[in-house]
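Novice: Structure below; questions to follow.
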Amino acid sequence: MAGRTWRNIDITFHKEIMSYIIQNGGKNEEIKNEQEINRFKFSDSTLTFYKKGTIYCTPSNSNDPEVYELWDLIDSLAGSEFNLSKKEFVIGLDETGKGEIVGHTILTGAFFPREIYQEIDSKERGQVLNYKF
């Protein structure tokens, strides 16, 4: 599973997210570089707030539902970079990225019902193409 990134987060949401983390057992950690505002340990994930308005959360190795609830909270406040498809089925495609040499080559594809869309890691969701069958 991949971590999650949110960009252009309003400072108001930043404070609300920090409050949620602390109320639910998150621990403030030492800032690692000058670009960070805050860093929290939450379950088995680390959530970092950056000066540019970016939030990054490392993946939960244990798939802790509390981490997913936090991600849902951030999505509800800041909006998700992904939109849930209105199509009955979704197709996800990934290519090799060698377009400058031989053109885009499809490496893999996935076909799945829209109900499981939210369960797919963010990187894969970003490459999903919507298609109605």
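Starting from 1 in every chain, residues are counted up; chains themselves are A, B, ... following the order of the structure tokens, and ligands are numbered from 1 as listed.
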For Phe40 (chain A), find every residue with an atom within 6 Å (counting only C-alpha atoms), except residues of its own chain fewer than 6 positions away, and show them as a ChimeraX atom specification.
Specialist: /A:27-29,46-47
Novice: So which residues touch region 5-11 of chain A within 6 Å, counting only C-alpha atoms, skipping near sequence neighbours fewer than 2 positions away, as a PyMOL selection string?
Specialist: chain A and resi 13-14+53-56
Novice: Generate the output file for the selected residues, C-alpha atoms, as a PDB file, in the first residue's frame.
Specialist:
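File produced: again23.pdb:
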ATOM      1  CA  PHE A  13      -7.978  22.406   8.025  1.00  0.00           C
ATOM      2  CA  HIS A  14      -4.427  21.899   9.217  1.00  0.00           C
ATOM      3  CA  GLY A  53       0.381  23.432   2.348  1.00  0.00           C
ATOM      4  CA  THR A  54       1.149  19.771   1.684  1.00  0.00           C
ATOM      5  CA  ILE A  55       0.320  16.906   4.018  1.00  0.00           C
ATOM      6  CA  TYR A  56       1.953  13.504   3.577  1.00  0.00           C
TER       7      TYR A  56
END
Novice: Nearest to Ser76 (chain A): which of A:Glu16, A:Phe112, A:Ser43, A:Ser62 is it, counting only C-alpha atoms?
Specialist: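 Closest candidate: A:Glu16.
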Novice: Using only C-alpha atoms, determine which residues lie at most 10 Å from Cys57 (chain A), disregarding the query and same-chain residues fewer than 4 positions distant; provide the list as a PyMOL selection string.
Specialist: chain A and resi 2-6+39-42+45-49+67+70-71
Novice: Restrict the selected residues to C-alpha atoms and save them as a PDB file, in the first residue's frame.
Specialist:
ATOM      1  CA  ALA A   2       1.181   3.516  -0.769  1.00  0.00           C
ATOM      2  CA  GLY A   3       1.104   6.577   1.474  1.00  0.00           C
ATOM      3  CA  ARG A   4      -1.163   9.548   0.774  1.00  0.00           C
ATOM      4  CA  THR A   5      -0.428  13.144  -0.191  1.00  0.00           C
ATOM      5  CA  TRP A   6      -2.742  16.157  -0.090  1.00  0.00           C
ATOM      6  CA  ARG A  39       5.128  15.854  12.310  1.00  0.00           C
ATOM      7  CA  PHE A  40       2.937  13.334  14.128  1.00  0.00           C
ATOM      8  CA  LYS A  41       3.095   9.620  14.816  1.00  0.00           C
ATOM      9  CA  PHE A  42      -0.412   8.214  14.397  1.00  0.00           C
ATOM     10  CA  SER A  45       2.000   5.975  10.284  1.00  0.00           C
ATOM     11  CA  THR A  46       3.745   9.332  10.285  1.00  0.00           C
ATOM     12  CA  LEU A  47       1.813  12.399   9.185  1.00  0.00           C
ATOM     13  CA  THR A  48       3.874  15.420   8.107  1.00  0.00           C
ATOM     14  CA  PHE A  49       2.599  18.948   7.483  1.00  0.00           C
ATOM     15  CA  VAL A  67      -5.311   5.577   9.667  1.00  0.00           C
ATOM     16  CA  LEU A  70      -7.866   9.913   9.322  1.00  0.00           C
ATOM     17  CA  TRP A  71      -7.397   9.855   5.540  1.00  0.00           C
TER      18      TRP A  71
END
Novice: Can you tell me how far CA of Gly79 (chain A) sits from CA of Asn61 (chain A), in Å to one decimal?
Specialist: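 Pair CA of Gly79 (chain A) / CA of Asn61 (chain A) returns 24.2 Å.
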Novice: Measuring atom to atom with only C-alpha atoms, identify which of A:Asp75, A:Glu66, A:Asp94, A:Glu115 is nearest to Gly25 (chain A).
Specialist: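 For Gly25 (chain A), the nearest of the given residues is A:Glu66.
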Novice: Could you check the closest approach to Leu107 (chain A) for each of A:Leu93, A:Lys52, A:Lys32, A:Lys15 and tell me which residue wins, using only C-alpha atoms?
Specialist: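 Checking each of A:Leu93, A:Lys52, A:Lys32, A:Lys15 against Leu107 (chain A), counting only C-alpha atoms, the winner is A:Leu93.
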Novice: Figure out the distance between CA of Phe111 (chain A) and CA of Asp72 (chain A), please, to one decimal in Å.
Specialist: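 Separation of CA of Asp72 (chain A) and CA of Phe111 (chain A): 24.2 Å.
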Novice: Give the strand (DSSP E or B) residues of region 31-93 of chain A, as DSSP finds them on the backbone, and put them as a PyMOL selection string.
Specialist: chain A and resi 36-42+45-50+55-57+89-93
